[in-house]
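Below is one structure, written out as structure tokens, with a few remarks after it.
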Amino acid sequence: MSTPVKRHSVAVRLAIALAALGGIFLVASFLTAYLIADHSSSDSSISSQIAIGLGALGLLAVLLGAVLYGGVALTRLWRRARADARGGA
């Protein structure tokens, strides 16, 4: 017997993809800052700006993914609570 495959909704898949993309951006930011950025100059060098920009994009993507996933979870919880209140299954 095979078990049925449960597919995630589009919103859940988008939240996971955003969080993964944010993680990739953060790692790219750290690598850029460590390997490429000129540490002897100020923060206005182009490589430092790229590292800062990648880090900011990564953080925003992770936060947006977390908010989206939290919204999906709260929606499911709300629907389950309303179904229980009505006496439905």
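By convention in this document, the chains of the structure tokens carry letters A, B, ... by their order, each chain's residues are numbered from 1, and ligands are numbered from 1 in the order they are shown.
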
Give me the residues near Gly22 of chain A as a count of residues only, where near means some atom within 12 Å (using only C-alpha atoms) and where sequence neighbours in that chain fewer than 4 positions away do not count.
22

Apply DSSP to the backbone of this structure and, from segment 14-71 of chain A, keep only the residues in alpha helix (DSSP H); write these as a ChimeraX atom specification.
/A:14-31,46-71

For Ile50 of chain A: contacts at 9 Å, only C-alpha atoms, fewer than 6 positions along chain excluded, given as a ChimeraX atom specification
/A:29,32-33,37

Would you mind exporting all heavy atoms of the selected residues as a PDB file, in the first residue's frame?
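Contents of the output file again-v7.pdb:
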```
ATOM      1  N   SER A  29      26.257  37.106   0.969  1.00  0.00           N
ATOM      2  CA  SER A  29      26.707  38.347   1.586  1.00  0.00           C
ATOM      3  C   SER A  29      27.935  38.114   2.459  1.00  0.00           C
ATOM      4  O   SER A  29      28.910  38.875   2.400  1.00  0.00           O
ATOM      5  CB  SER A  29      25.582  38.944   2.426  1.00  0.00           C
ATOM      6  OG  SER A  29      26.047  39.995   3.235  1.00  0.00           O
ATOM      7  N   THR A  32      30.907  37.342   0.216  1.00  0.00           N
ATOM      8  CA  THR A  32      31.369  38.557  -0.451  1.00  0.00           C
ATOM      9  C   THR A  32      32.143  39.441   0.520  1.00  0.00           C
ATOM     10  O   THR A  32      33.208  39.960   0.188  1.00  0.00           O
ATOM     11  CB  THR A  32      30.180  39.344  -1.032  1.00  0.00           C
ATOM     12  OG1 THR A  32      29.469  38.508  -1.931  1.00  0.00           O
ATOM     13  CG2 THR A  32      30.642  40.586  -1.763  1.00  0.00           C
ATOM     14  N   ALA A  33      31.616  39.586   1.705  1.00  0.00           N
ATOM     15  CA  ALA A  33      32.290  40.425   2.695  1.00  0.00           C
ATOM     16  C   ALA A  33      33.631  39.830   3.112  1.00  0.00           C
ATOM     17  O   ALA A  33      34.606  40.558   3.325  1.00  0.00           O
ATOM     18  CB  ALA A  33      31.397  40.612   3.916  1.00  0.00           C
ATOM     19  N   ALA A  37      35.449  41.776  -0.321  1.00  0.00           N
ATOM     20  CA  ALA A  37      35.433  43.161   0.152  1.00  0.00           C
ATOM     21  C   ALA A  37      36.817  43.588   0.632  1.00  0.00           C
ATOM     22  O   ALA A  37      37.539  42.830   1.286  1.00  0.00           O
ATOM     23  CB  ALA A  37      34.410  43.323   1.276  1.00  0.00           C
TER      24      ALA A  37
END
```

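One distance worth recording is that between atom CA of Ser9 of chain A and atom CA of Gly23 of chain A, which is 21.4 Å.
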
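Counting only C-alpha atoms and comparing A:Ala81, A:Ala73, A:Val5, A:Ala51, the residue that lies closest to Phe25 of chain A is A:Ala51.
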
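The smallest atom-to-atom distance between Leu14 of chain A and any of A:Val72, A:Ser44, A:Ser2, A:Ala83, using only C-alpha atoms, is found for A:Val72.
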
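Here atom CA of Arg80 of chain A stands at a distance of 28.3 Å from atom CA of Ala20 of chain A.
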